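Q: This is final25.cif (mmCIF, C-alpha atoms).
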```
data_query
#
loop_
_atom_site.label_atom_id
_atom_site.label_comp_id
_atom_site.auth_asym_id
_atom_site.auth_seq_id
_atom_site.Cartn_x
_atom_site.Cartn_y
_atom_site.Cartn_z
CA LYS A 16 -82.00 7.34 64.26
CA VAL A 17 -78.52 7.45 65.73
CA LYS A 18 -77.11 5.47 62.82
CA SER A 19 -78.86 7.76 60.37
CA GLU A 20 -77.35 10.85 62.02
CA GLU A 21 -73.90 9.26 62.06
CA LYS A 22 -74.17 8.47 58.37
CA LYS A 23 -75.29 12.01 57.53
CA GLU A 24 -72.45 13.51 59.54
CA SER A 25 -69.87 11.23 57.91
CA ASN A 26 -71.02 12.36 54.48
CA GLN A 27 -70.38 16.03 55.25
CA MET A 28 -66.87 17.02 54.29
CA ALA A 29 -65.48 20.49 54.93
CA ILE A 30 -63.82 22.32 52.07
CA GLY A 31 -62.51 25.81 52.69
CA GLU A 32 -65.03 27.71 54.78
CA GLY A 33 -68.08 25.92 53.41
CA GLU A 34 -69.42 22.40 53.37
CA PHE A 35 -70.88 20.11 50.79
CA ASN A 36 -72.35 16.65 50.80
CA LEU A 37 -70.49 13.97 48.90
CA PRO A 38 -72.59 10.81 48.70
CA PHE A 39 -71.00 7.51 49.51
CA PRO A 40 -70.89 5.03 46.63
CA LYS A 41 -74.12 3.30 45.77
CA TYR A 42 -72.50 -0.02 46.56
CA VAL A 43 -69.67 -0.29 49.07
CA ARG A 44 -67.96 -3.33 50.46
CA ASN A 45 -64.27 -3.35 51.30
CA GLU A 46 -61.92 -3.63 54.25
CA LEU A 47 -62.46 0.00 55.20
CA ARG A 48 -66.16 -0.55 55.85
CA ALA A 49 -67.38 -3.97 56.88
CA ARG A 50 -71.09 -3.13 56.57
CA PRO A 51 -73.00 -1.78 53.57
CA LEU A 52 -73.60 1.96 53.59
CA SER A 53 -76.61 1.91 51.32
CA PRO A 54 -80.02 0.31 51.79
CA ASP A 55 -80.03 -0.94 48.20
CA PHE A 56 -76.78 -2.85 48.63
CA GLY A 57 -77.43 -6.35 47.41
CA HIS A 58 -74.62 -7.35 45.11
CA SER A 59 -71.89 -9.86 45.67
CA GLU A 60 -69.47 -7.74 43.67
CA MET A 61 -67.49 -5.02 45.42
CA LYS A 62 -68.39 -1.82 43.58
CA TYR A 63 -68.09 1.93 43.82
CA ALA A 64 -70.75 3.66 41.72
CA TYR A 65 -71.40 7.35 42.35
CA PRO A 66 -74.73 8.99 41.47
CA THR A 67 -74.71 11.68 38.80
CA ASP A 68 -77.56 13.99 39.78
CA GLU A 69 -76.61 17.67 39.63
CA ALA A 70 -76.24 18.13 43.39
CA ALA A 71 -73.87 15.20 43.61
CA LEU A 72 -71.58 15.94 40.68
CA ILE A 73 -67.93 15.39 41.50
CA ASP A 74 -65.68 18.22 40.34
CA ASP A 75 -61.93 18.58 40.80
CA ALA A 76 -62.21 19.66 44.44
CA LYS A 77 -64.53 16.79 45.29
CA VAL A 78 -62.18 14.24 43.73
CA THR A 79 -59.80 15.03 46.59
CA VAL A 80 -62.55 14.38 49.11
CA LEU A 81 -63.57 11.23 47.27
CA CYS A 82 -60.02 9.91 47.62
CA ASP A 83 -60.04 10.79 51.32
CA ILE A 84 -63.27 8.84 51.84
CA VAL A 85 -62.21 5.77 49.89
CA LEU A 86 -58.69 5.56 51.24
CA GLY A 87 -59.26 6.70 54.80
CA LYS A 88 -55.93 6.27 56.58
CA ASN A 89 -54.93 3.35 54.37
CA GLU A 90 -52.20 3.32 51.76
CA THR A 91 -53.85 0.44 49.94
CA VAL A 92 -57.46 -0.58 49.39
CA GLU A 93 -58.50 -4.21 49.12
CA MET A 94 -61.37 -5.94 47.37
CA ILE A 95 -62.55 -3.26 44.93
CA MET A 96 -63.63 -4.90 41.68
CA SER A 97 -64.98 -1.86 39.84
CA PHE A 98 -64.88 1.90 40.18
CA ASP A 99 -67.40 4.00 38.25
CA ILE A 100 -67.26 7.78 38.38
CA SER A 101 -68.60 8.45 34.90
CA ASP A 102 -70.57 11.53 33.84
CA HIS A 103 -69.33 13.88 36.53
CA SER A 104 -67.50 17.20 36.07
CA PHE A 105 -63.83 16.78 36.93
CA THR A 106 -61.04 17.66 34.52
CA SER A 107 -57.36 16.80 34.12
CA VAL A 108 -56.79 18.15 37.63
CA GLY A 109 -59.11 15.56 39.15
CA ALA A 110 -57.68 12.88 36.88
CA GLN A 111 -54.20 13.60 38.20
CA GLU A 112 -55.48 13.26 41.76
CA LEU A 113 -56.99 9.87 40.93
CA ALA A 114 -53.77 8.80 39.26
CA ASP A 115 -51.58 9.95 42.14
CA ARG A 116 -53.69 8.67 45.03
CA LEU A 117 -56.50 6.26 44.21
CA LEU A 118 -55.04 4.07 41.48
CA PRO A 119 -51.72 3.37 43.25
CA ALA A 120 -53.75 2.33 46.32
CA LEU A 121 -55.69 -0.16 44.24
CA ARG A 122 -52.47 -1.51 42.80
CA GLY A 123 -51.02 -1.92 46.28
CA GLY A 124 -54.00 -3.99 47.37
CA SER A 125 -55.47 -6.97 45.56
CA MET A 126 -54.68 -5.73 42.08
CA SER A 127 -56.18 -8.81 40.44
CA MET A 128 -59.57 -7.91 41.96
CA PHE A 129 -59.79 -4.56 40.15
CA LYS A 130 -61.49 -5.32 36.82
CA MET A 131 -63.35 -2.21 35.64
CA PHE A 132 -62.61 1.52 35.66
CA ASN A 133 -65.07 4.00 34.17
CA ILE A 134 -64.36 7.72 33.90
CA SER A 135 -66.42 8.38 30.76
CA GLY A 136 -68.12 11.74 30.47
CA ASN A 137 -65.45 13.72 32.32
CA ALA A 138 -63.43 16.32 30.43
CA ILE A 139 -60.04 14.96 31.45
CA GLY A 140 -58.46 15.71 28.06
CA ASP A 141 -55.17 14.36 26.80
CA ASP A 142 -53.18 15.43 29.87
CA GLY A 143 -55.59 13.73 32.23
CA LEU A 144 -55.56 10.58 30.13
CA LYS A 145 -51.77 10.52 30.21
CA ASP A 146 -51.78 10.53 34.02
CA ILE A 147 -54.52 7.88 34.27
CA LEU A 148 -52.86 5.52 31.80
CA GLN A 149 -49.47 5.92 33.44
CA ALA A 150 -51.04 4.84 36.74
CA LEU A 151 -52.87 1.92 35.10
CA LYS A 152 -49.87 0.40 33.33
CA GLY A 153 -49.61 -3.28 34.13
CA TYR A 154 -53.02 -3.45 35.80
CA GLU A 155 -55.13 -6.52 35.13
CA LEU A 156 -58.17 -4.51 34.08
CA GLU A 157 -60.72 -6.20 31.88
CA GLU A 158 -62.75 -3.10 31.02
CA LEU A 159 -61.71 0.54 30.65
CA LYS A 160 -64.25 3.21 29.71
CA LEU A 161 -63.04 6.53 28.29
CA ARG A 162 -66.04 7.79 26.32
CA GLU A 163 -66.58 11.54 25.94
CA CYS A 164 -63.38 12.51 27.71
CA LYS A 165 -62.38 15.33 25.32
CA LEU A 166 -59.56 13.25 23.88
CA THR A 167 -57.80 14.48 20.73
CA ILE A 168 -55.26 13.07 18.31
CA GLU A 169 -52.58 13.72 20.94
CA ALA A 170 -54.07 10.98 23.11
CA ALA A 171 -53.19 8.33 20.55
CA LYS A 172 -49.55 8.05 21.65
CA TYR A 173 -50.57 7.52 25.27
CA LEU A 174 -53.06 4.82 24.37
CA ILE A 175 -50.63 3.07 22.03
CA GLU A 176 -47.99 2.98 24.77
CA ALA A 177 -50.17 1.95 27.70
CA VAL A 178 -52.90 -0.36 26.41
CA PRO A 179 -50.53 -3.21 25.40
CA THR A 180 -49.35 -3.42 29.04
CA MET A 181 -52.89 -4.30 30.16
CA LYS A 182 -52.64 -7.96 29.26
CA ARG A 183 -56.14 -8.93 30.38
CA LEU A 184 -58.02 -6.02 28.87
CA LYS A 185 -61.13 -7.25 27.05
CA THR A 186 -63.02 -4.03 26.26
CA LEU A 187 -61.82 -0.47 25.71
CA TYR A 188 -64.46 2.19 25.10
CA LEU A 189 -63.31 5.32 23.28
CA GLY A 190 -66.47 6.61 21.62
CA TYR A 191 -67.46 10.28 21.30
CA ASN A 192 -63.96 11.68 21.35
CA ASP A 193 -62.20 13.45 18.47
CA ASP A 194 -62.55 11.47 15.21
CA GLU A 195 -58.86 12.08 14.47
CA LEU A 196 -57.97 10.02 17.53
CA ARG A 197 -59.35 6.88 15.93
CA THR A 198 -57.60 7.62 12.65
CA ALA A 199 -54.24 8.13 14.36
CA CYS A 200 -54.58 4.95 16.40
CA GLU A 201 -55.61 2.74 13.52
CA LYS A 202 -52.67 3.89 11.37
CA ASP A 203 -50.17 2.78 14.02
CA GLU A 204 -48.58 -0.68 13.69
CA LYS A 205 -48.70 -1.40 17.42
CA TRP A 206 -52.40 -0.53 17.46
CA GLN A 207 -53.01 -2.82 14.51
CA GLU A 208 -51.44 -5.62 16.52
CA LEU A 209 -53.84 -4.82 19.34
CA MET A 210 -56.78 -4.98 16.95
CA SER A 211 -55.74 -8.48 15.95
CA LYS A 212 -55.48 -9.65 19.55
CA GLU A 213 -58.05 -12.31 20.26
CA GLY A 214 -60.52 -11.36 22.96
CA LEU A 215 -59.97 -7.56 22.83
CA MET A 216 -62.77 -5.28 21.65
CA ILE A 217 -62.15 -1.59 21.02
CA ASP A 218 -65.46 0.26 20.85
CA TRP A 219 -65.40 3.59 19.02
CA THR A 220 -69.14 4.08 18.60
CA SER A 221 -71.12 3.32 21.77
CA ARG A 222 -72.18 6.25 23.88
CA PHE A 223 -73.24 4.27 26.94
#
```
Mind turning the file's structure into structure tokens?
A:
Amino acid sequence: KVKSEEKKESNQMAIGEGEFNLPFPKYVRNELRARPLSPDFGHSEMKYAYPTDEAALIDDAKVTVLCDIVLGKNETVEMIMSFDISDHSFTSVGAQELADRLLPALRGGSMSMFKMFNISGNAIGDDGLKDILQALKGYELEELKLRECKLTIEAAKYLIEAVPTMKRLKTLYLGYNDDELRTACEKDEKWQELMSKEGLMIDWTSRF
């Protein structure tokens, strides 16, 4: 009972004069927390996967709290293999917060451990994508998911510049964004070189 109360209290984060509950990730295992924080923890991989029910949706304000929870007092975070905050409700403002705080912390830790980043289903737009990709340059990601992010033709230049720096990228998901984005990318010579790269799949059609 004591542990249950401690967990509930730790999930309550003050914002302004009110409070809201921000669930811990479904699966957590890193240096900040030696023990699992969820009863259904049972994976060997180190994952953050946030639920997407309406009460738990992460908007721009909650992205700040999310970063506070994940980082704690640390400047770097070790042993995170994947981070999934897809289908929430943050915008370019939340994306900038992730780019400024969370992603540099992952780079400062065991960068080679961080393999998957999923922010699909958040309306980050072209400006948010620019910030995220700038922070991800040089990362050894294998999978990057950017479906339904309200990306337009303007996002093409950011993708064309950043994606070639991710040398180990195997899958890039870009479905359900503006159709002109795909057209602009596929006309570019650098993008055509990417398309010919062995082992890289760029998915323009999948929704999930």
Q: So which one's closest to Glu176 in chain A, A:Arg116, A:Lys205, A:Lys130, A:Lys77? Using all atoms listed in the file, please.
A: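 Between A:Arg116, A:Lys205, A:Lys130, A:Lys77, the residue approaching Glu176 in chain A most closely is A:Lys205.
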Q: Nearest to Ala171 in chain A among A:Leu121, A:Met131, A:Ala199, A:Ile95, with distances taken over only C-alpha atoms: which residue is it?
A: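 The closest residue to Ala171 in chain A is A:Ala199.
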Q: Compile the contact shell of range 146-154 of chain A as a short mmCIF file (atom, residue, chain, number, x, y, z; two decimals) with C-alpha atoms, in the frame of the given file: residues with an atom at most 10 Å away, counting only C-alpha atoms, same-chain residues fewer than 6 positions apart removed.
A:
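Final file, part.cif:
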```
data_model
loop_
_atom_site.label_atom_id
_atom_site.label_comp_id
_atom_site.auth_asym_id
_atom_site.auth_seq_id
_atom_site.Cartn_x
_atom_site.Cartn_y
_atom_site.Cartn_z
CA SER A 107 -57.36 16.80 34.12
CA VAL A 108 -56.79 18.15 37.63
CA ALA A 110 -57.68 12.88 36.88
CA GLN A 111 -54.20 13.60 38.20
CA GLU A 112 -55.48 13.26 41.76
CA LEU A 113 -56.99 9.87 40.93
CA ALA A 114 -53.77 8.80 39.26
CA ASP A 115 -51.58 9.95 42.14
CA ARG A 116 -53.69 8.67 45.03
CA LEU A 117 -56.50 6.26 44.21
CA LEU A 118 -55.04 4.07 41.48
CA PRO A 119 -51.72 3.37 43.25
CA LEU A 121 -55.69 -0.16 44.24
CA ARG A 122 -52.47 -1.51 42.80
CA MET A 126 -54.68 -5.73 42.08
CA SER A 127 -56.18 -8.81 40.44
CA PHE A 129 -59.79 -4.56 40.15
CA LYS A 130 -61.49 -5.32 36.82
CA PHE A 132 -62.61 1.52 35.66
CA ILE A 134 -64.36 7.72 33.90
CA ILE A 139 -60.04 14.96 31.45
CA TYR A 173 -50.57 7.52 25.27
CA LEU A 174 -53.06 4.82 24.37
CA GLU A 176 -47.99 2.98 24.77
CA ALA A 177 -50.17 1.95 27.70
CA VAL A 178 -52.90 -0.36 26.41
CA PRO A 179 -50.53 -3.21 25.40
CA THR A 180 -49.35 -3.42 29.04
CA MET A 181 -52.89 -4.30 30.16
CA LYS A 182 -52.64 -7.96 29.26
CA ARG A 183 -56.14 -8.93 30.38
CA LEU A 184 -58.02 -6.02 28.87
#
```
Q: Could you check how far CA of Glu90 in chain A sits from CA of Gly140 in chain A, in Å to one decimal?
A: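 The value is 27.5 Å.
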Q: Separation of CA of Ala71 in chain A and CA of Asp99 in chain A, in Å?
A: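 Straight-line distance from CA of Ala71 in chain A to CA of Asp99 in chain A works out to 14.0 Å.
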Q: For each of A:Glu169, A:Glu208, A:Thr106, A:Ala120, take the minimum atom-to-atom distance to Asp83 in chain A, counting only C-alpha atoms, then give the residue where this is smallest.
A: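 Of A:Glu169, A:Glu208, A:Thr106, A:Ala120, the one nearest Asp83 in chain A is A:Ala120, counting only C-alpha atoms.
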Q: With distances taken over all atoms listed in the file, which residue among A:Asp74, A:Glu213, A:Glu163, A:Asp218 lies nearest Ala138 in chain A?
A: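 Counting all atoms listed in the file, the residue closest to Ala138 in chain A is A:Glu163.
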Q: When you count all atoms listed in the file, which of these residues is closest to Gly190 in chain A: A:Gly136, A:Gly214, A:Gly109, A:Gly87?
A: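 Distance minimum relative to Gly190 in chain A lands on A:Gly136.
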Q: Using only C-alpha atoms, which residue out of A:Arg162, A:Lys185, A:Arg197, A:Lys202 lies closest to Leu215 in chain A?
A: A:Lys185
Q: Starting from the shown file, work through the PyMOL selection byres ((chain A and resi 104) around 6) and note down what comes out as a list in words.
A: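 Written out, the selection comes to Ile73, Asp74, His103, Phe105 and Asn137 of chain A.
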Q: Would you kindly translate the PyMOL selection byres ((chain A and resi 192) around 7) into the concrete residues it picks from this file, as a ChimeraX atom specification?
A: /A:162-167,189-191,193-194
Q: Take CA of Leu144 in chain A and CA of Ala170 in chain A and report the distance between them in Å, one decimal.
A: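 CA of Ala170 in chain A lies 7.2 Å from CA of Leu144 in chain A.
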